[in-house]
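Asks: The structure file protein.txt (compact mmCIF, C-alpha atoms) is provided below.
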# COMPACT_ATOMS: atom_id res chain seq x y z
CA MET K 51 68.72 -12.96 -9.44
CA SER K 52 65.67 -13.93 -11.39
CA PRO K 53 63.34 -11.11 -12.40
CA HIS K 54 60.33 -10.49 -10.21
CA ARG K 55 57.20 -12.20 -11.43
CA PRO K 56 53.86 -11.04 -10.10
CA GLY K 57 51.80 -13.69 -8.45
CA PRO K 58 48.25 -14.57 -9.45
CA ALA K 59 45.68 -11.84 -9.08
CA ARG K 60 43.91 -11.90 -5.73
CA ARG K 61 40.29 -12.90 -6.16
CA VAL K 62 37.87 -10.57 -4.41
CA PRO K 63 35.24 -12.66 -2.64
CA LEU K 64 31.74 -12.18 -3.96
CA HIS K 65 28.95 -11.00 -1.70
CA ASP K 66 27.15 -13.99 -0.21
CA ASP K 67 23.48 -13.08 -0.29
CA HIS K 68 22.63 -16.27 1.62
CA ARG K 69 24.71 -15.60 4.72
CA ARG K 70 24.51 -12.64 7.08
CA SER K 71 26.35 -12.20 10.38
CA PHE K 72 25.35 -9.63 12.98
CA PRO K 73 27.60 -8.39 15.79
CA GLN K 74 26.60 -8.94 19.38
CA LEU K 75 23.54 -6.87 20.23
CA ALA K 76 23.62 -4.54 23.19
CA PRO K 77 21.42 -5.63 26.12
CA ALA K 78 17.93 -4.22 25.63
CA GLN K 79 14.26 -4.99 25.90
CA HIS K 80 11.03 -3.01 25.89
CA ALA K 81 9.34 -1.72 29.02
CA ASP K 82 6.62 -4.39 28.71
CA GLY K 83 9.25 -7.15 28.76
CA ARG K 84 9.02 -7.90 25.04
CA PHE K 85 12.08 -8.13 22.85
CA ALA K 86 10.23 -7.36 19.61
CA ALA K 87 8.33 -4.23 18.62
CA THR K 88 6.90 -5.42 15.28
CA TRP K 89 4.08 -7.86 14.78
CA TRP K 90 6.29 -10.24 12.79
CA GLY K 91 9.06 -10.10 15.42
CA ASN K 92 6.56 -11.00 18.13
CA ALA K 93 5.18 -13.80 15.93
CA TRP K 94 8.70 -15.24 15.78
CA VAL K 95 8.99 -15.25 19.59
CA GLU K 96 5.49 -16.63 20.10
CA ALA K 97 6.20 -19.54 17.75
CA LEU K 98 8.84 -20.81 20.19
CA GLU K 99 7.07 -19.80 23.40
CA ASP K 100 3.84 -21.57 22.39
CA THR K 101 5.64 -24.92 22.21
CA ALA K 102 7.93 -24.41 25.22
CA LEU K 103 7.63 -27.15 27.83
CA ASP K 104 9.13 -25.23 30.76
CA PRO K 105 8.29 -21.55 31.43
CA ALA K 106 11.25 -21.37 33.84
CA ARG K 107 13.71 -22.03 31.02
CA LEU K 108 12.06 -19.30 28.96
CA ALA K 109 12.48 -16.87 31.85
CA ARG K 110 16.19 -17.78 32.11
CA GLY K 111 16.51 -17.31 28.35
CA ARG K 112 14.95 -13.85 28.54
CA ALA K 113 17.36 -12.96 31.33
CA TYR K 114 20.33 -14.22 29.29
CA ALA K 115 19.21 -12.19 26.27
CA SER K 116 18.65 -9.03 28.29
CA THR K 117 22.08 -9.22 29.94
CA GLY K 118 24.19 -9.72 26.82
CA HIS K 119 24.91 -13.48 26.96
CA VAL K 120 24.30 -13.97 23.20
CA ASP K 121 27.34 -13.44 20.94
CA ALA K 122 27.26 -12.59 17.23
CA ILE K 123 24.37 -14.17 15.31
CA THR K 124 24.73 -15.81 11.88
CA VAL K 125 21.69 -16.33 9.66
CA THR K 126 21.60 -18.68 6.68
CA PRO K 127 18.63 -20.32 4.93
CA GLY K 128 16.86 -22.47 7.51
CA ARG K 129 19.31 -21.72 10.36
CA VAL K 130 20.04 -19.13 13.05
CA VAL K 131 23.26 -19.80 14.98
CA ALA K 132 25.10 -18.06 17.84
CA TYR K 133 27.34 -18.87 20.79
CA VAL K 134 25.62 -18.23 24.11
CA HIS K 135 27.47 -17.84 27.39
CA GLY K 136 26.08 -19.83 30.28
CA SER K 137 27.33 -20.79 33.73
CA ARG K 138 30.48 -22.46 32.36
CA PRO K 139 33.52 -20.63 30.94
CA ARG K 140 33.08 -22.09 27.46
CA PRO K 141 30.02 -20.82 25.53
CA TYR K 142 27.48 -23.18 24.01
CA ARG K 143 26.58 -23.34 20.35
CA ALA K 144 22.85 -22.60 20.09
CA GLU K 145 20.89 -23.09 16.89
CA ILE K 146 17.32 -22.62 15.71
CA ARG K 147 16.21 -24.39 12.54
CA LEU K 148 13.14 -23.79 10.43
CA ARG K 149 11.81 -24.92 7.06
CA VAL K 150 12.83 -22.97 3.96
CA LEU K 151 10.13 -22.11 1.45
CA GLY K 152 9.98 -23.98 -1.84
CA ASP K 153 10.20 -22.41 -5.28
CA ASP K 154 6.41 -22.45 -5.70
CA ASP K 155 5.98 -20.64 -2.37
CA TRP K 156 8.47 -17.97 -3.41
CA GLU K 157 6.74 -17.51 -6.77
CA ARG K 158 3.45 -16.88 -4.97
CA PHE K 159 5.15 -14.48 -2.57
CA LEU K 160 6.89 -12.52 -5.34
CA ASP K 161 3.74 -12.37 -7.45
CA ALA K 162 1.80 -11.01 -4.48
CA ALA K 163 4.49 -8.42 -3.74
CA ALA K 164 4.86 -7.26 -7.35
CA ALA K 165 1.09 -6.98 -7.85
CA ARG K 166 0.75 -4.08 -5.40
CA PRO K 167 3.04 -1.05 -5.17
CA ASP K 168 2.15 -0.60 -1.50
CA HIS K 169 3.63 -4.01 -0.72
CA ILE K 170 6.87 -3.12 -2.48
CA ALA K 171 7.02 0.24 -0.73
CA ALA K 172 6.40 -1.42 2.63
CA LEU K 173 9.26 -3.88 2.09
CA LEU K 174 11.63 -1.08 1.10
CA ASP K 175 10.53 0.77 4.25
CA LYS K 176 11.34 -2.33 6.33
CA ASP K 177 7.73 -3.26 6.94
CA VAL K 178 5.87 -6.52 6.28
CA PRO K 179 2.19 -6.18 5.28
CA HIS K 180 -0.08 -8.76 6.85
CA ALA K 181 -1.57 -9.69 3.48
CA LEU K 182 1.87 -10.30 1.99
CA ALA K 183 2.96 -12.53 4.87
CA ALA K 184 -0.29 -14.47 4.47
CA ALA K 185 0.42 -15.17 0.78
CA VAL K 186 2.69 -18.02 1.97
CA ASP K 187 3.59 -19.51 5.35
CA LEU K 188 6.23 -16.84 5.87
CA LEU K 189 5.95 -16.55 9.64
CA PRO K 190 6.63 -19.60 11.78
CA GLY K 191 3.84 -21.17 13.77
CA PRO K 192 3.95 -23.35 16.89
CA GLY K 193 6.37 -26.22 16.31
CA ASP K 194 8.01 -24.67 13.24
CA LEU K 195 11.12 -23.51 15.14
CA ILE K 196 13.39 -26.39 16.14
CA PRO K 197 15.94 -25.52 18.86
CA ASP K 198 19.26 -27.31 19.26
CA CYS K 199 22.16 -26.62 21.64
CA SER K 200 25.50 -28.16 22.62
CA CYS K 201 24.65 -27.83 26.32
CA PRO K 202 23.70 -30.93 28.38
CA ASP K 203 20.20 -29.55 29.08
CA HIS K 204 17.55 -31.41 27.08
CA GLY K 205 14.81 -28.87 27.76
CA TYR K 206 12.64 -27.76 24.87
CA PRO K 207 13.92 -25.16 24.48
CA CYS K 208 16.93 -24.79 26.73
CA LYS K 209 17.71 -21.34 28.10
CA HIS K 210 20.48 -20.81 25.51
CA THR K 211 18.28 -21.36 22.45
CA ALA K 212 15.53 -19.32 24.11
CA ALA K 213 18.00 -16.43 24.54
CA LEU K 214 19.01 -16.75 20.88
CA CYS K 215 15.34 -16.67 19.82
CA TYR K 216 14.68 -13.47 21.77
CA GLN K 217 17.74 -11.71 20.34
CA ALA K 218 16.91 -12.89 16.80
CA ALA K 219 13.53 -11.18 17.16
CA ARG K 220 15.35 -7.87 17.50
CA LEU K 221 17.10 -8.51 14.18
CA LEU K 222 13.75 -9.16 12.52
CA ASP K 223 12.46 -5.87 13.93
CA GLU K 224 15.27 -3.94 12.28
CA ASP K 225 15.21 -5.72 8.92
CA PRO K 226 12.45 -8.11 7.77
CA PHE K 227 14.75 -9.34 4.98
CA VAL K 228 16.45 -11.34 7.74
CA LEU K 229 13.22 -13.32 8.01
CA PHE K 230 13.21 -13.86 4.24
CA LEU K 231 16.79 -15.14 4.44
CA MET K 232 15.74 -17.57 7.18
CA ARG K 233 13.10 -18.82 4.77
CA GLY K 234 15.61 -19.30 1.95
CA ARG K 235 16.04 -16.12 -0.15
CA GLY K 236 18.50 -13.24 0.24
CA GLU K 237 17.62 -9.56 -0.05
CA GLN K 238 19.36 -8.97 -3.39
CA GLU K 239 17.80 -12.13 -4.82
CA ILE K 240 14.31 -10.97 -3.83
CA LEU K 241 14.77 -7.41 -5.10
CA ALA K 242 16.21 -8.68 -8.39
CA ALA K 243 13.20 -10.97 -8.87
CA LEU K 244 10.77 -8.11 -8.14
CA SER K 245 12.66 -5.79 -10.48
CA HIS K 246 12.48 -8.43 -13.23
CA ARG K 247 8.74 -8.73 -12.77
CA ASN K 248 8.36 -4.96 -13.02
CA ALA K 249 10.53 -4.83 -16.14
CA THR K 250 8.53 -7.65 -17.74
CA ARG K 251 5.26 -5.85 -17.03
CA ALA K 252 6.65 -2.57 -18.39
CA ALA K 253 7.93 -4.30 -21.54
CA ALA K 254 4.52 -5.91 -22.13
CA GLU K 255 2.90 -2.49 -21.90
CA THR K 256 5.23 -0.94 -24.47
CA THR K 257 5.58 -3.74 -27.06
CA ALA K 258 1.97 -3.95 -28.22
CA ALA K 259 1.81 -3.73 -32.01
CA PRO K 260 0.65 -0.26 -33.13
CA PRO K 261 -2.41 -0.02 -35.41
CA ARG K 262 -1.80 0.10 -39.14
CA MET K 263 -1.87 3.65 -40.49
CA PRO K 264 -2.64 4.86 -44.05
CA THR K 265 0.53 5.54 -46.04
CA VAL K 266 1.65 6.93 -49.41
CA PRO K 267 4.85 5.58 -51.03
CA ALA K 268 7.58 8.23 -51.02
CA ARG K 269 8.22 7.73 -54.79
CA ASP K 270 4.61 8.70 -55.50
CA ALA K 271 4.60 11.68 -53.13
CA LEU K 272 7.84 13.00 -54.70
CA ALA K 273 7.07 12.09 -58.34
CA ARG K 274 8.55 14.46 -60.97
CA THR K 275 7.92 15.09 -64.64
CA SER K 276 10.28 13.53 -67.13
CA ALA K 277 11.83 16.92 -67.96
CA PRO K 278 15.16 17.52 -66.27
CA GLY K 279 14.92 20.04 -63.43
CA ALA K 280 11.12 20.09 -63.45
CA ARG K 281 9.28 20.78 -60.18
CA PRO K 282 7.29 18.02 -58.48
CA LEU K 283 3.76 17.51 -59.72
CA MET K 284 1.17 19.32 -57.62
CA ASP K 285 -1.64 16.91 -58.44
CA GLY K 286 -0.02 13.83 -56.95
CA PRO K 287 -1.65 11.60 -54.35
CA ALA K 288 -2.96 13.27 -51.24
CA LEU K 289 -0.75 12.81 -48.21
CA PRO K 290 -2.28 10.96 -45.23
CA PRO K 291 -3.20 13.03 -42.16
CA PRO K 292 -0.55 13.46 -39.45
CA LEU K 293 -0.17 10.53 -37.10
CA PRO K 294 -2.20 10.86 -33.90
CA ALA K 295 -0.33 11.62 -30.72
CA PRO K 296 0.49 8.49 -28.66
CA ASP K 297 -1.51 7.81 -25.54
CA ARG K 298 1.55 8.26 -23.34
CA PRO K 299 5.20 9.24 -23.76
CA GLY K 300 7.60 6.47 -24.63
CA ARG K 301 10.06 5.00 -22.18
CA PRO K 302 13.80 5.26 -22.82
CA PRO K 303 16.02 2.20 -23.26
CA VAL K 304 17.98 0.76 -20.35
CA TYR K 305 21.45 2.26 -20.46
CA PRO K 306 24.35 -0.15 -19.78
CA GLU K 307 26.79 0.41 -16.96
CA ASP K 308 30.04 1.93 -18.26
CA PRO K 309 32.79 3.47 -16.09
CA GLU K 310 33.45 6.08 -18.79
CA ALA K 311 29.80 7.01 -19.31
CA PRO K 312 27.55 9.31 -17.25
CA ASP K 313 25.34 7.87 -14.56
CA PRO K 314 22.81 5.54 -16.28
CA LEU K 315 20.04 6.62 -13.92
CA ALA K 316 20.70 10.30 -14.73
CA LEU K 317 20.59 9.53 -18.45
CA GLU K 318 17.36 7.62 -18.09
CA LEU K 319 15.77 10.40 -16.05
CA LEU K 320 16.80 13.01 -18.63
CA ALA K 321 15.41 10.93 -21.49
CA THR K 322 12.20 10.22 -19.61
CA GLU K 323 11.82 13.89 -18.75
CA ALA K 324 12.37 14.95 -22.35
CA ALA K 325 9.85 12.39 -23.64
CA ALA K 326 7.20 13.41 -21.11
CA ARG K 327 7.52 17.12 -21.78
CA ALA K 328 7.67 16.66 -25.57
CA HIS K 329 4.50 14.56 -25.41
CA ALA K 330 2.78 17.26 -23.36
CA PHE K 331 3.78 19.96 -25.86
CA LEU K 332 2.55 17.78 -28.72
CA VAL K 333 -0.83 17.09 -27.15
CA THR K 334 -1.62 20.28 -25.21
CA GLY K 335 0.75 22.95 -26.48
CA HIS K 336 1.95 23.92 -23.00
CA ASP K 337 4.57 22.82 -20.45
CA PRO K 338 2.95 20.86 -17.60
CA VAL K 339 5.95 21.33 -15.30
CA ALA K 340 5.84 25.10 -14.92
CA SER K 341 2.84 25.16 -12.55
CA LEU K 342 3.86 22.22 -10.32
CA THR K 343 4.92 22.52 -6.71
CA PRO K 344 8.30 21.00 -5.69
CA TRP K 345 6.47 17.99 -4.19
CA GLN K 346 4.37 17.45 -7.30
CA ASP K 347 7.49 17.70 -9.47
CA ALA K 348 9.32 15.16 -7.28
CA VAL K 349 6.39 12.76 -7.58
CA ARG K 350 6.29 13.30 -11.33
CA LEU K 351 10.01 12.57 -11.66
CA ALA K 352 9.75 9.38 -9.59
CA ALA K 353 6.65 8.25 -11.48
CA ALA K 354 8.45 8.68 -14.80
CA HIS K 355 11.00 6.03 -13.79
CA PRO K 356 9.85 2.41 -14.27
CA GLY K 357 12.06 0.96 -11.54
CA SER K 358 9.54 1.70 -8.74
CA GLY K 359 12.37 2.12 -6.22
CA LEU K 360 13.51 -1.51 -6.46
CA THR K 361 17.09 -1.29 -7.71
CA ALA K 362 19.88 0.34 -5.73
CA SER K 363 19.87 3.40 -7.97
CA THR K 364 16.11 3.92 -7.85
CA ARG K 365 16.02 3.32 -4.11
CA ALA K 366 18.56 6.13 -3.85
CA LEU K 367 16.39 8.28 -6.10
CA TYR K 368 13.29 7.71 -3.95
CA ARG K 369 15.27 8.28 -0.77
CA ASP K 370 16.86 11.51 -2.00
CA LEU K 371 13.67 12.96 -3.48
CA ALA K 372 11.69 12.14 -0.33
CA ALA K 373 14.36 13.47 2.04
CA ALA K 374 14.66 16.73 0.10
CA LEU K 375 10.99 17.41 0.83
CA ASP K 376 10.88 15.99 4.37
CA ARG K 377 8.88 12.93 3.32
CA THR K 378 9.53 9.18 3.60
CA PRO K 379 10.15 6.81 0.66
CA ALA K 380 6.80 5.19 1.50
CA ASP K 381 5.08 8.60 1.18
CA LEU K 382 6.70 9.03 -2.21
CA ALA K 383 5.80 5.53 -3.38
CA ARG K 384 2.15 6.07 -2.43
CA ALA K 385 2.14 9.43 -4.20
CA VAL K 386 3.72 7.84 -7.29
CA ALA K 387 0.93 5.26 -7.37
CA ALA K 388 -1.63 8.09 -7.23
CA TRP K 389 0.17 10.03 -9.97
CA ARG K 390 0.26 6.99 -12.23
CA GLN K 391 -3.43 6.49 -11.53
CA GLY K 392 -4.53 10.00 -12.45
CA GLY K 393 -1.68 12.51 -12.75
CA PRO K 394 -1.99 15.75 -10.73
CA ALA K 395 -5.71 15.10 -10.23
CA GLY K 396 -4.92 11.63 -8.84
CA LEU K 397 -2.36 13.09 -6.44
CA ALA K 398 -4.89 15.69 -5.27
CA VAL K 399 -7.41 12.89 -4.58
CA LEU K 400 -4.78 11.11 -2.48
CA GLU K 401 -3.94 14.16 -0.38
CA GLU K 402 -7.20 16.09 -0.06
CA ALA K 403 -10.47 15.22 1.64
CA TRP K 404 -13.27 17.64 0.70
CA ASP K 405 -17.04 17.97 0.83
CA PRO K 406 -18.50 17.44 -2.65
CA PRO K 407 -21.76 19.11 -3.65
CA ALA K 408 -24.95 17.10 -3.92
CA GLY K 409 -25.31 15.22 -7.16
CA PRO K 410 -23.02 12.44 -8.44
CA PHE K 411 -21.69 11.68 -4.96
CA ASP K 412 -25.18 11.28 -3.51
CA ARG K 413 -26.15 8.96 -6.37
CA ALA K 414 -23.09 6.76 -5.91
CA ARG K 415 -24.30 4.68 -2.93
CA PRO K 416 -27.64 3.72 -4.55
CA ALA K 417 -25.71 2.75 -7.68
CA LEU K 418 -23.35 0.58 -5.65
CA ILE K 419 -26.24 -1.00 -3.73
CA ALA K 420 -27.97 -1.80 -7.02
CA ALA K 421 -24.74 -3.51 -8.14
CA ASP K 422 -24.71 -5.65 -4.94
CA PHE K 423 -22.11 -3.52 -3.10
CA PRO K 424 -24.19 -2.29 -0.13
CA HIS K 425 -21.52 -1.85 2.55
CA PHE K 426 -19.83 1.41 1.58
CA ARG K 427 -19.79 4.05 4.34
CA PRO K 428 -19.61 7.76 3.36
CA TRP K 429 -17.17 10.30 4.78
CA ARG K 430 -16.66 13.57 2.96
CA ASN K 431 -15.64 12.62 -0.62
CA ARG K 432 -14.98 8.97 0.24
CA LEU K 433 -16.97 5.75 0.33
CA SER K 434 -15.29 2.93 2.27
CA THR K 435 -15.58 -0.69 3.33
CA ARG K 436 -13.05 -2.48 5.54
CA SER K 437 -10.61 -2.92 2.63
CA LEU K 438 -12.00 -1.01 -0.40
CA GLN K 439 -12.50 2.70 -0.93
CA LEU K 440 -13.77 5.01 -3.67
CA ARG K 441 -12.74 8.68 -3.66
CA TYR K 442 -14.59 11.32 -5.63
CA GLY K 443 -12.23 13.81 -7.27
CA ARG K 444 -12.81 17.42 -8.12
CA ASP K 445 -12.51 16.34 -11.76
CA GLY K 446 -15.77 14.38 -11.45
CA LEU K 447 -14.06 10.95 -11.52
CA TRP K 448 -14.05 8.14 -8.99
CA TYR K 449 -10.69 6.74 -7.88
CA GLY K 450 -10.24 3.27 -6.38
CA TYR K 451 -8.20 2.57 -3.24
CA GLU K 452 -7.36 -0.60 -1.34
CA SER K 453 -6.04 -1.43 2.13
CA ASP K 454 -5.50 -4.47 4.30
CA PRO K 455 -8.73 -4.95 6.31
CA ASP K 456 -9.19 -2.38 9.10
CA ARG K 457 -5.70 -0.88 8.71
CA GLU K 458 -6.65 2.49 7.16
CA ASP K 459 -3.56 2.26 4.96
CA TRP K 460 -5.10 3.22 1.64
CA TRP K 461 -3.24 2.83 -1.67
CA PRO K 462 -4.45 3.86 -5.15
CA ARG K 463 -5.40 1.00 -7.45
CA GLY K 464 -7.26 0.59 -10.73
CA PHE K 465 -8.31 3.36 -13.08
CA PRO K 466 -10.50 6.43 -12.47
CA ASP K 467 -14.01 6.32 -13.90
CA ALA K 468 -16.97 8.68 -14.01
CA ASP K 469 -19.13 5.75 -12.83
CA PRO K 470 -18.41 4.52 -9.26
CA VAL K 471 -19.38 0.97 -10.22
CA GLY K 472 -16.92 1.13 -13.12
CA ALA K 473 -14.14 2.37 -10.83
CA LEU K 474 -14.91 -0.42 -8.39
CA ALA K 475 -14.82 -2.99 -11.20
CA ALA K 476 -11.37 -1.69 -12.24
CA LEU K 477 -10.26 -1.91 -8.61
CA LEU K 478 -11.43 -5.52 -8.34
CA GLY K 479 -10.00 -6.44 -11.75
CA ARG K 480 -13.35 -7.30 -13.28
Have the structure of the file written as structure tokens, please.
Replies:
Amino acid sequence: MSPHRPGPARRVPLHDDHRRSFPQLAPAQHADGRFAATWWGNAWVEALEDTALDPARLARGRAYASTGHVDAITVTPGRVVAYVHGSRPRPYRAEIRLRVLGDDDWERFLDAAAARPDHIAALLDKDVPHALAAAVDLLPGPGDLIPDCSCPDHGYPCKHTAALCYQAARLLDEDPFVLFLMRGRGEQEILAALSHRNATRAAAETTAAPPRMPTVPARDALARTSAPGARPLMDGPALPPPLPAPDRPGRPPVYPEDPEAPDPLALELLATEAAARAHAFLVTGHDPVASLTPWQDAVRLAAAHPGSGLTASTRALYRDLAAALDRTPADLARAVAAWRQGGPAGLAVLEEAWDPPAGPFDRARPALIAADFPHFRPWRNRLSTRSLQLRYGRDGLWYGYESDPDREDWWPRGFPDADPVGALAALLGR
């Protein structure tokens, strides 16, 4: 008998980020007859309904969707496919096609998402901001969805593709990354691109050349007399003053994945924590952590990590920190933006509305009007337009905030300034 020879190693299939299959959805619809609860899910349905030629076929499609006639749904770039059971024993293959976005469109979308932490936080929280969807033609319009079915009905759409469209809207409700896949990019591909943009921005912030400092050669500072064993000369060159403290603590390197090494995220957090506390001791002489509340400390820890909750490990960090304090990852992301804007004072501005005394606050509106910004409305320590807001902090600084128009979803942006016009200029990038 010949000795046993092992066969070739079995190749583990790689995750296909461009193909997702969803099991058959249970029959369901909302009390108002809609299949979608989100604005983007309803936009998907309306894109097909607005071009439908026969309302009766749409009604049959809604009935099919609500009674479980649609089997498992497969989504790939530009296509949504499922088998739909009709009046015959054999199901029909229904398909909806739509245009995938080009590379230039995706670059605009990713740039818009990476430019604002609230957009990133919304995506991670399975939400799609209106402004982000408007950056490109992300949502289909009338005529953008092309139905096709193996049934003999030539209606546009037939009841089978209409049923598939209604059930697909429920998938979009649960996970907007399904919509992105329909438009050509998978979830991991998008998150990797956003993470790369964040890393590039962080690297640009930390690689600026430091200013030249006065120095003394070590051989001159440690010069000795020619006699053996003599002590160093005391009248040598004067040593330069100590180096000034850096503006901010340094960021640790990215630790490689290694099965034998500790968790890279834990190492990075420890290094970041050590750098931040050492910098505080160097500059102020006291530990800034001792007086923080658990929520403030959680925000500080998340803000110290440059990943912004994009990678799997930092998403887990945001989720765990938020859950431990009965908050959502979006709450934590907003608080992190405030902390990065102004530290504990910035977080207090985010979370506290108060009545400031007369003085700088009362002079702010005339200053803004003089600078051609007349439309700010006052409320307590805040001045607001439909999409811009300035908040006056107890530290005497103005903090900029931004929201999509009329949504009251304010996110910190820009840098605090003692002058409201200066804070507004930082908010607008001027």
Asks: Would you mind listing what lies within 12 Å of K:Val386 as a PyMOL selection string, with only C-alpha atoms counted and same-chain residues fewer than 2 positions away left out?
Replies: chain K and resi 167-168+171+345-359+368+371-372+379-384+388-394+396-398+400+461-463
Asks: Using only C-alpha atoms, which of K:Ala321, K:Leu75, K:Leu332, K:Leu214 sits nearest K:Pro294?
Replies: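 Using only C-alpha atoms, K:Pro294 sits closest to K:Leu332.
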Asks: Give me, as JSON lines, each residue of stretch 112-228 of chain K that comes within 9 Å of stretch 91-100 of chain K, together with its shortest interatomic pair and the distance in Å at one decimal, counting all atoms listed in the file, with rows ordered by chain and rising residue number.
Replies:
{"residue": "K:Leu189", "atom": "CA", "partner": "K:Trp94", "partner_atom": "CA", "distance": 6.9}
{"residue": "K:Pro190", "atom": "CA", "partner": "K:Ala97", "partner_atom": "CA", "distance": 6.0}
{"residue": "K:Gly191", "atom": "CA", "partner": "K:Ala97", "partner_atom": "CA", "distance": 4.9}
{"residue": "K:Pro192", "atom": "CA", "partner": "K:Ala97", "partner_atom": "CA", "distance": 4.5}
{"residue": "K:Gly193", "atom": "CA", "partner": "K:Ala97", "partner_atom": "CA", "distance": 6.8}
{"residue": "K:Asp194", "atom": "CA", "partner": "K:Ala97", "partner_atom": "CA", "distance": 7.1}
{"residue": "K:Leu195", "atom": "CA", "partner": "K:Leu98", "partner_atom": "CA", "distance": 6.2}
{"residue": "K:Ile196", "atom": "CA", "partner": "K:Leu98", "partner_atom": "CA", "distance": 8.3}
{"residue": "K:Pro197", "atom": "CA", "partner": "K:Leu98", "partner_atom": "CA", "distance": 8.6}
{"residue": "K:Pro207", "atom": "CA", "partner": "K:Leu98", "partner_atom": "CA", "distance": 7.9}
{"residue": "K:Ala212", "atom": "CA", "partner": "K:Leu98", "partner_atom": "CA", "distance": 7.9}
{"residue": "K:Cys215", "atom": "CA", "partner": "K:Val95", "partner_atom": "CA", "distance": 6.5}
{"residue": "K:Tyr216", "atom": "CA", "partner": "K:Val95", "partner_atom": "CA", "distance": 6.3}
{"residue": "K:Ala218", "atom": "CA", "partner": "K:Gly91", "partner_atom": "CA", "distance": 8.4}
{"residue": "K:Ala219", "atom": "CA", "partner": "K:Gly91", "partner_atom": "CA", "distance": 4.9}
{"residue": "K:Arg220", "atom": "CA", "partner": "K:Gly91", "partner_atom": "CA", "distance": 7.0}
{"residue": "K:Leu221", "atom": "CA", "partner": "K:Gly91", "partner_atom": "CA", "distance": 8.3}
{"residue": "K:Leu222", "atom": "CA", "partner": "K:Gly91", "partner_atom": "CA", "distance": 5.6}
{"residue": "K:Asp223", "atom": "CA", "partner": "K:Gly91", "partner_atom": "CA", "distance": 5.6}
{"residue": "K:Pro226", "atom": "CA", "partner": "K:Gly91", "partner_atom": "CA", "distance": 8.6}
Asks: When you draw a straight line from atom CA of K:Leu447 to atom CA of K:Trp460, how long is it in Å?
Replies: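 So the answer is 17.7 Å.
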Asks: Work out how far atom CA of K:Pro299 is from atom CA of K:Thr334, in Å to one decimal.
Replies: 13.1 Å
Asks: Expressed in Å to a single decimal, how great is the separation between atom CA of K:Trp156 and atom CA of K:Ala249?
Replies: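 Pair atom CA of K:Trp156 / atom CA of K:Ala249 returns 18.4 Å.
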Asks: Go through K:Leu317, K:Val333, K:Val339, K:Ala326 one by one, measure the shortest atom-to-atom distance of each to K:Ala295 using all atoms listed in the file, and give the residue with the smallest value.
Replies: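 Closest candidate: K:Val333.
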Asks: For K:Val228, please output as an NGL selection string all residues within 9 Å (counting only C-alpha atoms; exclusion window: fewer than 4 positions along the same chain).
Replies: :K and (70 or 125 or 221-222 or 224 or 232-233 or 236-237)
Asks: I'd like to know which of K:Gly205, K:Ser341, K:Asp456, K:Ala373 is closest to K:Leu103, using all atoms listed in the file.
Replies: K:Gly205
Asks: I want to know what sits within 6 Å of K:Lys209, based on all atoms listed in the file, with residues of the same chain fewer than 6 positions away left out; could you give that as number ranges by chain?
Replies: K: 107, 110-111
Asks: Can you pull out every residue within 12 Å of K:Gly136, counting all atoms listed in the file, but drop anything in the same chain fewer than 3 positions away, and send it as an MDAnalysis selection string?
Replies: chainID K and resid 110:111 113:115 117:121 133 139:144 199:203 208:211 213
Asks: For K:Leu342, which of K:Pro267, K:Ala395, K:Leu367, K:Ala172 is the closest residue, counting all atoms listed in the file?
Replies: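 Ranked by minimum distance to K:Leu342, first place goes to K:Ala395.
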Asks: May I have the residues within 12 Å of K:Arg235 as a PyMOL selection string, using all atoms listed in the file and disregarding those fewer than 5 positions away in the same chain?
Replies: chain K and resi 66-70+125-128+150-153+155-157+159-160+188+226-230+240-243
